[in-house]
file query-v3.txt (compact mmCIF, C-alpha atoms)
# COMPACT_ATOMS: atom_id res chain seq x y z
CA MET E 1 115.26 148.76 88.47
CA THR E 2 112.78 151.49 87.44
CA LEU E 3 113.69 155.17 87.39
CA ASP E 4 111.59 155.71 90.50
CA GLU E 5 113.59 153.01 92.27
CA VAL E 6 116.90 154.48 91.08
CA PHE E 7 116.07 157.92 92.47
CA MET E 8 114.65 156.42 95.69
CA LYS E 9 117.80 154.33 96.17
CA ARG E 10 119.80 157.55 95.90
CA ALA E 11 117.58 159.11 98.57
CA PHE E 12 118.23 156.17 100.88
CA ASP E 13 121.98 156.43 100.30
CA LEU E 14 121.78 160.08 101.34
CA SER E 15 119.76 159.24 104.44
CA LEU E 16 122.58 157.11 105.87
CA ALA E 17 124.73 160.21 106.36
CA GLY E 18 122.57 161.06 109.37
CA ALA E 19 123.37 157.82 111.21
CA GLY E 20 124.29 158.49 114.82
CA SER E 21 123.12 162.11 114.72
CA VAL E 22 119.34 162.17 114.19
CA SER E 23 118.03 159.87 116.93
CA PRO E 24 115.24 159.66 118.05
CA ASN E 25 114.21 160.73 114.54
CA PRO E 26 114.45 158.31 111.58
CA LEU E 27 117.03 158.45 108.81
CA VAL E 28 115.49 160.31 105.87
CA GLY E 29 116.83 161.34 102.47
CA ALA E 30 115.27 163.37 99.64
CA VAL E 31 115.97 163.82 95.94
CA ILE E 32 114.35 166.40 93.65
CA VAL E 33 114.07 165.55 89.95
CA LYS E 34 113.01 167.83 87.10
CA ASP E 35 113.00 166.98 83.40
CA GLY E 36 114.50 163.60 84.26
CA LYS E 37 117.55 165.03 86.08
CA ILE E 38 118.42 165.44 89.74
CA ILE E 39 118.42 169.16 90.55
CA SER E 40 118.79 168.98 94.33
CA GLU E 41 119.39 166.53 97.18
CA GLY E 42 119.08 166.60 100.95
CA TYR E 43 118.97 164.53 104.10
CA HIS E 44 118.15 164.88 107.79
CA ALA E 45 121.60 165.56 109.24
CA VAL E 46 121.01 166.22 112.94
CA TYR E 47 118.16 166.03 115.44
CA GLY E 48 116.46 169.40 115.56
CA GLY E 49 117.82 170.37 112.15
CA ASP E 50 116.09 170.64 108.79
CA HIS E 51 114.24 167.58 107.58
CA ALA E 52 115.42 165.99 104.35
CA GLU E 53 112.70 167.56 102.19
CA LEU E 54 113.39 171.06 103.47
CA ASP E 55 117.15 170.53 103.15
CA ALA E 56 116.73 169.58 99.49
CA ILE E 57 114.31 172.46 98.82
CA LYS E 58 116.70 175.01 100.33
CA LYS E 59 119.59 173.71 98.22
CA ALA E 60 117.68 173.99 94.94
CA THR E 61 118.85 176.76 92.60
CA VAL E 62 115.97 176.61 90.10
CA SER E 63 112.19 176.72 90.33
CA LEU E 64 110.67 173.56 91.82
CA GLU E 65 107.31 174.02 90.13
CA GLY E 66 106.42 170.83 88.29
CA ALA E 67 109.28 168.82 89.83
CA THR E 68 109.13 165.38 91.46
CA LEU E 69 110.24 164.85 95.05
CA TYR E 70 111.54 161.45 96.14
CA CYS E 71 111.43 161.03 99.92
CA THR E 72 112.24 157.93 101.93
CA LEU E 73 109.55 158.68 104.53
CA GLU E 74 106.17 160.39 104.32
CA PRO E 75 106.57 164.16 104.73
CA CYS E 76 105.48 165.37 108.15
CA CYS E 77 102.41 167.55 108.53
CA HIS E 78 102.19 168.45 112.23
CA THR E 79 103.50 171.47 114.10
CA ASN E 80 104.22 170.00 117.55
CA LYS E 81 107.95 169.69 116.85
CA GLN E 82 111.15 171.70 116.55
CA THR E 83 111.01 171.95 112.75
CA PRO E 84 108.28 173.29 110.42
CA PRO E 85 105.98 170.77 108.68
CA CYS E 86 107.24 169.57 105.30
CA ALA E 87 104.00 168.67 103.52
CA GLN E 88 102.75 172.26 103.55
CA ARG E 89 106.10 173.51 102.21
CA ILE E 90 105.97 170.96 99.38
CA VAL E 91 102.52 172.28 98.41
CA LYS E 92 103.83 175.85 98.49
CA GLU E 93 106.69 174.97 96.09
CA LYS E 94 104.15 173.53 93.58
CA PHE E 95 105.68 170.09 93.12
CA ARG E 96 103.85 167.99 90.54
CA ARG E 97 104.58 164.59 92.06
CA VAL E 98 105.84 163.12 95.33
CA VAL E 99 107.18 159.55 95.56
CA ILE E 100 107.46 158.00 99.04
CA ALA E 101 109.04 154.76 100.26
CA ASN E 102 107.29 154.38 103.63
CA LEU E 103 104.31 155.97 105.29
CA ASP E 104 105.14 157.45 108.68
CA PRO E 105 103.71 155.30 111.55
CA ASN E 106 103.89 158.30 113.90
CA PRO E 107 100.24 158.90 114.91
CA HIS E 108 100.76 162.63 114.34
CA VAL E 109 101.42 161.86 110.65
CA ASN E 110 100.24 158.36 109.64
CA GLY E 111 98.87 159.29 106.22
CA GLY E 112 98.18 162.93 107.09
CA GLY E 113 101.08 164.18 105.01
CA VAL E 114 99.89 162.24 101.96
CA GLU E 115 96.36 163.59 102.42
CA ILE E 116 97.59 167.20 102.42
CA LEU E 117 99.57 166.60 99.23
CA LYS E 118 96.71 164.88 97.43
CA ASN E 119 94.22 167.56 98.48
CA ALA E 120 96.52 170.12 96.85
CA GLY E 121 96.40 168.21 93.57
CA ILE E 122 99.87 166.66 93.88
CA GLU E 123 100.27 163.15 92.51
CA VAL E 124 101.49 160.84 95.29
CA GLU E 125 102.90 157.34 95.02
CA SER E 126 104.10 155.30 98.01
CA GLY E 127 105.70 151.91 98.63
CA ILE E 128 108.74 152.37 96.37
CA LEU E 129 111.59 150.33 97.96
CA ALA E 130 109.48 150.12 101.13
CA SER E 131 111.33 147.02 102.37
CA LEU E 132 114.64 148.91 102.23
CA GLY E 133 113.09 151.69 104.29
CA GLU E 134 111.83 149.22 106.89
CA GLU E 135 115.36 147.81 107.15
CA ILE E 136 117.17 151.15 107.43
CA ASN E 137 114.67 152.57 109.92
CA GLU E 138 114.00 149.33 111.76
CA ALA E 139 114.46 150.96 115.16
CA PHE E 140 112.09 153.83 114.34
CA PHE E 141 109.30 151.50 113.20
CA ILE E 142 109.69 149.26 116.27
CA THR E 143 109.54 152.25 118.61
CA GLN E 144 106.45 153.67 116.92
CA ASN E 145 104.61 150.36 116.69
CA LYS E 146 105.58 148.73 120.00
CA LYS E 147 105.79 151.90 122.08
CA ARG E 148 109.13 150.93 123.63
CA PRO E 149 112.79 151.26 122.68
CA TYR E 150 114.16 149.03 119.93
CA ILE E 151 116.48 146.41 121.43
CA HIS E 152 119.47 145.03 119.51
CA LEU E 153 121.36 142.32 121.39
CA LYS E 154 125.02 141.67 120.54
CA LEU E 155 126.69 138.42 121.58
CA ALA E 156 130.31 137.34 121.07
CA ALA E 157 131.46 133.83 121.89
CA THR E 158 133.60 130.84 120.97
CA LEU E 159 132.29 127.92 118.90
CA ASP E 160 131.04 126.26 122.08
CA GLY E 161 129.19 129.40 123.17
CA LYS E 162 131.60 130.54 125.91
CA ILE E 163 132.20 134.25 126.51
CA SER E 164 135.15 134.07 128.92
CA MET E 165 137.32 131.88 131.10
CA PRO E 166 135.92 130.94 134.55
CA THR E 167 138.24 133.65 135.94
CA GLY E 168 136.43 136.27 133.88
CA GLU E 169 139.28 136.68 131.35
CA SER E 170 137.63 137.64 128.06
CA GLN E 171 139.91 140.13 126.31
CA TRP E 172 139.87 139.28 123.56
CA ILE E 173 137.75 136.42 122.22
CA THR E 174 136.97 138.09 118.90
CA SER E 175 139.28 139.73 116.35
CA PRO E 176 140.24 143.43 116.19
CA THR E 177 138.19 143.78 113.00
CA SER E 178 135.10 142.42 114.75
CA ARG E 179 135.59 144.81 117.63
CA GLN E 180 135.97 147.69 115.18
CA TYR E 181 132.64 146.79 113.62
CA VAL E 182 131.02 146.91 117.06
CA HIS E 183 131.84 150.62 117.09
CA GLU E 184 129.99 150.98 113.79
CA LEU E 185 126.98 149.35 115.42
CA ARG E 186 127.23 151.53 118.54
CA ARG E 187 127.12 154.72 116.52
CA THR E 188 123.69 153.83 115.06
CA HIS E 189 121.97 153.45 118.44
CA SER E 190 120.92 156.04 120.98
CA ALA E 191 122.28 153.99 123.91
CA VAL E 192 124.67 151.14 124.75
CA LEU E 193 123.55 148.88 127.61
CA VAL E 194 125.46 146.46 129.84
CA GLY E 195 124.70 144.72 133.11
CA ALA E 196 126.34 145.50 136.43
CA GLU E 197 128.57 142.40 136.33
CA THR E 198 130.01 143.40 132.96
CA ALA E 199 130.57 146.94 134.24
CA ARG E 200 132.39 145.67 137.34
CA LEU E 201 134.53 143.04 135.58
CA ASP E 202 135.44 144.86 132.36
CA ASP E 203 135.26 148.52 133.47
CA PRO E 204 134.31 149.48 129.87
CA THR E 205 133.95 152.95 128.36
CA LEU E 206 131.20 151.94 125.88
CA THR E 207 132.04 154.85 123.59
CA VAL E 208 132.17 155.07 119.80
CA ARG E 209 135.83 155.15 118.82
CA LEU E 210 135.97 155.63 115.07
CA PRO E 211 138.29 158.01 113.18
CA ASP E 212 135.44 159.74 111.33
CA PHE E 213 132.97 159.94 114.22
CA ASN E 214 132.17 163.47 115.36
CA GLY E 215 128.60 163.01 116.58
CA LYS E 216 127.25 162.84 120.09
CA GLN E 217 128.29 159.74 122.02
CA PRO E 218 125.43 157.32 122.73
CA TRP E 219 124.01 157.10 126.22
CA ARG E 220 125.85 154.53 128.34
CA LEU E 221 123.41 152.52 130.43
CA VAL E 222 124.12 150.07 133.25
CA LEU E 223 121.31 147.77 134.41
CA THR E 224 121.42 146.73 138.06
CA GLU E 225 118.67 145.82 140.51
CA SER E 226 120.87 146.11 143.59
CA GLY E 227 122.72 149.30 142.70
CA ASN E 228 126.02 147.62 143.64
CA LEU E 229 128.46 149.55 141.47
CA PRO E 230 131.85 151.03 142.45
CA PRO E 231 132.08 154.81 141.98
CA THR E 232 135.56 154.36 140.50
CA LEU E 233 134.26 152.95 137.20
CA LYS E 234 135.38 154.80 134.06
CA LEU E 235 131.73 155.32 133.16
CA PHE E 236 131.39 157.66 136.15
CA ASN E 237 134.68 159.48 135.78
CA ASP E 238 135.70 159.96 132.15
CA GLU E 239 134.93 162.91 129.86
CA TYR E 240 131.57 161.40 128.89
CA LYS E 241 130.33 160.79 132.43
CA ASP E 242 127.30 163.01 131.74
CA ARG E 243 126.23 160.38 129.16
CA THR E 244 126.10 157.61 131.81
CA VAL E 245 122.79 156.57 133.37
CA VAL E 246 122.26 153.67 135.79
CA LEU E 247 118.98 151.76 135.55
CA THR E 248 118.24 150.49 139.03
CA LYS E 249 115.55 149.51 141.52
CA THR E 250 117.65 150.86 144.38
CA LYS E 251 118.71 154.50 144.59
CA ILE E 252 122.49 154.92 144.41
CA SER E 253 123.80 157.53 146.84
CA PHE E 254 126.86 158.71 144.88
CA LEU E 255 124.82 159.46 141.74
CA SER E 256 122.59 162.45 141.07
CA ASP E 257 118.95 162.03 140.09
CA ASP E 258 119.89 162.75 136.46
CA GLN E 259 122.40 159.89 136.50
CA GLN E 260 119.93 157.17 137.44
CA ILE E 261 116.50 155.89 136.47
CA ILE E 262 114.61 154.13 139.25
CA PHE E 263 112.22 151.52 137.83
CA THR E 264 109.81 148.95 139.23
CA ASN E 265 109.59 146.51 136.30
CA LEU E 266 110.70 146.24 132.68
CA ALA E 267 107.55 147.86 131.31
CA ASP E 268 108.13 150.82 133.62
CA LEU E 269 111.78 150.99 132.53
CA MET E 270 110.91 150.96 128.83
CA SER E 271 108.45 153.81 129.36
CA LYS E 272 111.01 155.89 131.25
CA LEU E 273 113.69 155.33 128.60
CA LEU E 274 111.30 156.54 125.89
CA ALA E 275 110.51 159.61 127.99
CA LYS E 276 114.25 160.35 127.97
CA LYS E 277 114.19 159.98 124.14
CA ILE E 278 116.30 156.81 124.33
CA THR E 279 114.70 154.91 121.46
CA SER E 280 117.26 152.24 120.54
CA LEU E 281 119.39 150.06 122.82
CA PHE E 282 122.53 148.22 121.74
CA VAL E 283 122.94 145.55 124.42
CA GLU E 284 126.52 144.33 124.85
CA GLY E 285 126.38 142.16 127.96
CA GLY E 286 126.42 140.20 130.00
CA PRO E 287 124.67 136.82 130.02
CA MET E 288 122.19 137.75 132.75
CA VAL E 289 120.96 140.79 130.81
CA ALA E 290 120.87 138.87 127.52
CA THR E 291 118.92 136.02 129.11
CA LEU E 292 116.46 138.37 130.79
CA LEU E 293 115.65 140.28 127.60
CA LEU E 294 115.34 137.11 125.52
CA LYS E 295 113.15 135.47 128.12
CA GLU E 296 110.85 138.49 128.20
CA LYS E 297 110.73 138.54 124.35
CA LEU E 298 112.06 142.09 124.23
CA VAL E 299 114.89 141.53 121.75
CA ASP E 300 114.14 142.75 118.21
CA ARG E 301 117.48 141.93 116.56
CA LEU E 302 120.31 139.60 117.49
CA SER E 303 123.87 140.04 116.22
CA TYR E 304 126.34 137.26 116.98
CA PHE E 305 130.13 137.17 116.55
CA ILE E 306 131.50 133.61 116.61
CA ASN E 307 135.23 133.02 116.98
CA PRO E 308 136.52 129.63 115.70
CA SER E 309 137.97 128.52 119.04
CA LEU E 310 136.93 126.35 121.98
CA LEU E 311 137.10 126.90 125.73
CA GLY E 312 135.03 124.05 127.15
CA VAL E 313 134.70 125.91 130.44
CA GLY E 314 133.45 129.31 131.50
CA PRO E 315 130.14 131.17 131.34
CA SER E 316 127.89 130.84 128.29
CA ALA E 317 126.48 133.70 126.27
CA ILE E 318 122.96 132.99 127.55
CA SER E 319 121.29 130.56 129.95
CA ASP E 320 117.70 129.35 130.32
CA ILE E 321 115.38 131.61 128.31
CA GLY E 322 112.27 129.55 129.00
CA VAL E 323 112.11 127.48 125.81
CA LYS E 324 109.90 124.42 126.40
CA THR E 325 109.83 122.84 122.92
CA LEU E 326 111.74 123.15 119.66
CA ALA E 327 108.66 124.62 118.03
CA THR E 328 108.62 127.56 120.46
CA ARG E 329 112.31 128.44 120.31
CA PRO E 330 113.15 131.99 119.14
CA ARG E 331 114.44 132.03 115.57
CA LEU E 332 116.24 134.55 113.40
CA THR E 333 114.74 135.74 110.14
CA GLU E 334 116.20 137.84 107.31
CA VAL E 335 119.65 136.65 108.35
CA LYS E 336 122.76 138.34 106.96
CA THR E 337 126.35 137.23 107.47
CA LYS E 338 129.82 138.78 107.28
CA GLN E 339 133.34 137.56 107.98
CA PHE E 340 135.81 139.58 110.04
CA GLU E 341 139.23 137.91 109.86
CA SER E 342 138.45 134.40 111.19
CA ASP E 343 135.25 135.45 112.98
CA ILE E 344 131.82 134.77 111.51
CA TYR E 345 129.18 137.41 112.18
CA PHE E 346 125.49 137.00 111.57
CA THR E 347 122.53 139.18 112.33
CA GLY E 348 118.79 138.79 112.00
CA LYS E 349 115.42 139.79 113.38
CA ILE E 350 114.15 137.74 116.30
CA LEU E 351 110.96 135.81 115.64
CA CYS E 352 109.29 134.44 118.76
CA SER E 353 106.47 131.90 118.86
CA GLN E 354 103.97 134.53 120.02
CA ASP E 355 104.69 136.88 117.06
call {"tool": "encode", "arguments": {"input": "query-v3.txt", "output": "structure tokens"}}
result
Amino acid sequence: MTLDEVFMKRAFDLSLAGAGSVSPNPLVGAVIVKDGKIISEGYHAVYGGDHAELDAIKKATVSLEGATLYCTLEPCCHTNKQTPPCAQRIVKEKFRRVVIANLDPNPHVNGGGVEILKNAGIEVESGILASLGEEINEAFFITQNKKRPYIHLKLAATLDGKISMPTGESQWITSPTSRQYVHELRRTHSAVLVGAETARLDDPTLTVRLPDFNGKQPWRLVLTESGNLPPTLKLFNDEYKDRTVVLTKTKISFLSDDQQIIFTNLADLMSKLLAKKITSLFVEGGPMVATLLLKEKLVDRLSYFINPSLLGVGPSAISDIGVKTLATRPRLTEVKTKQFESDIYFTGKILCSQD
């Protein structure tokens, strides 16, 4: 690993501290090096707060003239935001060199930050650990490039693909350790989504329940065409009820306008979610929602918890997703696995035949 990669890896490690707090912004870290030593570090900690570059600059206790800045994402250069542009500040501080992992796909930046730096005589190098940046900020890149929220589907089932008994009994198929990890996944998304049937049967809270979590709870979304939901659900009555939004084609009388999004089709729904700054969805159920999103090729990542048990009866995790031949079946790429007690977990990007 080169020195540039070592310092960039440190910047990425710093960026992860903003997980669950910076959405819809990406995770960004910054490291300032002078005379071969780190003199300051920073990261984007909360949406609306200082960007990583500015955080690191403010923390520096010595002159930054002639220093090198390592930043996981191209410094911003536009002013139509809550925070001041970073590229111009970098020029002002007289950095000698800026090293970047990924260029920013945001059309308001998209190479503009690099151009400002180069025009000021600053040496710029990009692409250092770019693949790591694409992995960490997967949701951000999907949102910018596809102009819709990033969709991460979570499934949990037995070896034979069953998610519950025919009676609906499902607590619990997977281990406590697996369920704990689900909270880690929830915290990194701006919203958790379930279907109406899951909401009615399980009456979930869909909150992040981790000892060290002190960020804002993700939005809790319920997808229903009919609007048939009981007002007694925990989602409508607990302390986080203001974080609950129903996605429906039929107006629900007991909910305010702020508590529901009326949509006509999925494209319309995706657009309205983005307008609400909901940029990443963690989909937890049920099979109808999972099947719909897979069939419409809207799933970007699939995470699957498999418990080594058999039911033989009961609903399956998904049903017909429209696959006609083996060659056109959706496949996972860049697969990673973990083990939680006896459960096997794997996750990967979805690759569809049209991609």
call {"tool": "closest_residue", "arguments": {"input": "query-v3.txt", "among": "E:Leu332, E:Leu16, E:Met270, E:Leu292", "to": "E:Gly133", "atoms": "all atoms listed in the file"}}
result
E:Leu16
call {"tool": "residues_around", "arguments": {"input": "query-v3.txt", "residues": "E:Ala19", "least_positions_apart": "3", "cutoff": "10 Å", "atoms": "all atoms listed in the file", "output": "number ranges by chain"}}
result
E: 15-16, 22-23, 26-28, 44-46, 136, 184, 187-189, 215
call {"tool": "write_last_selection", "arguments": {"input": "query-v3.txt", "atoms": "C-alpha atoms", "output": "mmCIF file, keeping the file's coordinate frame"}}
result
data_model
loop_
_atom_site.group_PDB
_atom_site.id
_atom_site.type_symbol
_atom_site.label_atom_id
_atom_site.label_comp_id
_atom_site.auth_asym_id
_atom_site.auth_seq_id
_atom_site.Cartn_x
_atom_site.Cartn_y
_atom_site.Cartn_z
ATOM 1 C CA SER E 15 119.760 159.240 104.440
ATOM 2 C CA LEU E 16 122.580 157.110 105.870
ATOM 3 C CA VAL E 22 119.340 162.170 114.190
ATOM 4 C CA SER E 23 118.030 159.870 116.930
ATOM 5 C CA PRO E 26 114.450 158.310 111.580
ATOM 6 C CA LEU E 27 117.030 158.450 108.810
ATOM 7 C CA VAL E 28 115.490 160.310 105.870
ATOM 8 C CA HIS E 44 118.150 164.880 107.790
ATOM 9 C CA ALA E 45 121.600 165.560 109.240
ATOM 10 C CA VAL E 46 121.010 166.220 112.940
ATOM 11 C CA ILE E 136 117.170 151.150 107.430
ATOM 12 C CA GLU E 184 129.990 150.980 113.790
ATOM 13 C CA ARG E 187 127.120 154.720 116.520
ATOM 14 C CA THR E 188 123.690 153.830 115.060
ATOM 15 C CA HIS E 189 121.970 153.450 118.440
ATOM 16 C CA GLY E 215 128.600 163.010 116.580
#
call {"tool": "residues_around", "arguments": {"input": "query-v3.txt", "residues": "E:Glu169", "least_positions_apart": "4", "cutoff": "12 Å", "atoms": "all atoms listed in the file", "output": "ChimeraX atom specification"}}
result
/E:162-165,173,198,201-202,311,313-315
call {"tool": "write_last_selection", "arguments": {"input": "query-v3.txt", "atoms": "C-alpha atoms", "output": "JSON list (two decimals), keeping the file's coordinate frame"}}
result
[["chain", "number", "residue", "atom", "x", "y", "z"],
["E", 162, "LYS", "CA", 131.60, 130.54, 125.91],
["E", 163, "ILE", "CA", 132.20, 134.25, 126.51],
["E", 164, "SER", "CA", 135.15, 134.07, 128.92],
["E", 165, "MET", "CA", 137.32, 131.88, 131.10],
["E", 173, "ILE", "CA", 137.75, 136.42, 122.22],
["E", 198, "THR", "CA", 130.01, 143.40, 132.96],
["E", 201, "LEU", "CA", 134.53, 143.04, 135.58],
["E", 202, "ASP", "CA", 135.44, 144.86, 132.36],
["E", 311, "LEU", "CA", 137.10, 126.90, 125.73],
["E", 313, "VAL", "CA", 134.70, 125.91, 130.44],
["E", 314, "GLY", "CA", 133.45, 129.31, 131.50],
["E", 315, "PRO", "CA", 130.14, 131.17, 131.34]]
call {"tool": "closest_residue", "arguments": {"input": "query-v3.txt", "among": "E:Thr174, E:Thr248, E:Thr72, E:Asn237", "to": "E:Ser131", "atoms": "all atoms listed in the file"}}
result
E:Thr72
call {"tool": "atom_distance", "arguments": {"input": "query-v3.txt", "atom1": "atom CA of E:Leu206", "atom2": "atom CA of E:Val246"}}
result
13.5 Å
call {"tool": "closest_residue", "arguments": {"input": "query-v3.txt", "among": "E:Leu14, E:Leu185, E:Ile100, E:Asn106", "to": "E:Thr143", "atoms": "only C-alpha atoms"}}
result
E:Asn106
call {"tool": "residues_around", "arguments": {"input": "query-v3.txt", "residues": "stretch 115-126 of chain E", "least_positions_apart": "5", "cutoff": "7 Å", "atoms": "all atoms listed in the file", "output": "MDAnalysis selection string"}}
result
chainID E and resid 87 91 95:102
call {"tool": "atom_distance", "arguments": {"input": "query-v3.txt", "atom1": "atom CA of E:Gln259", "atom2": "atom CA of E:Gly286"}}
result
21.1 Å
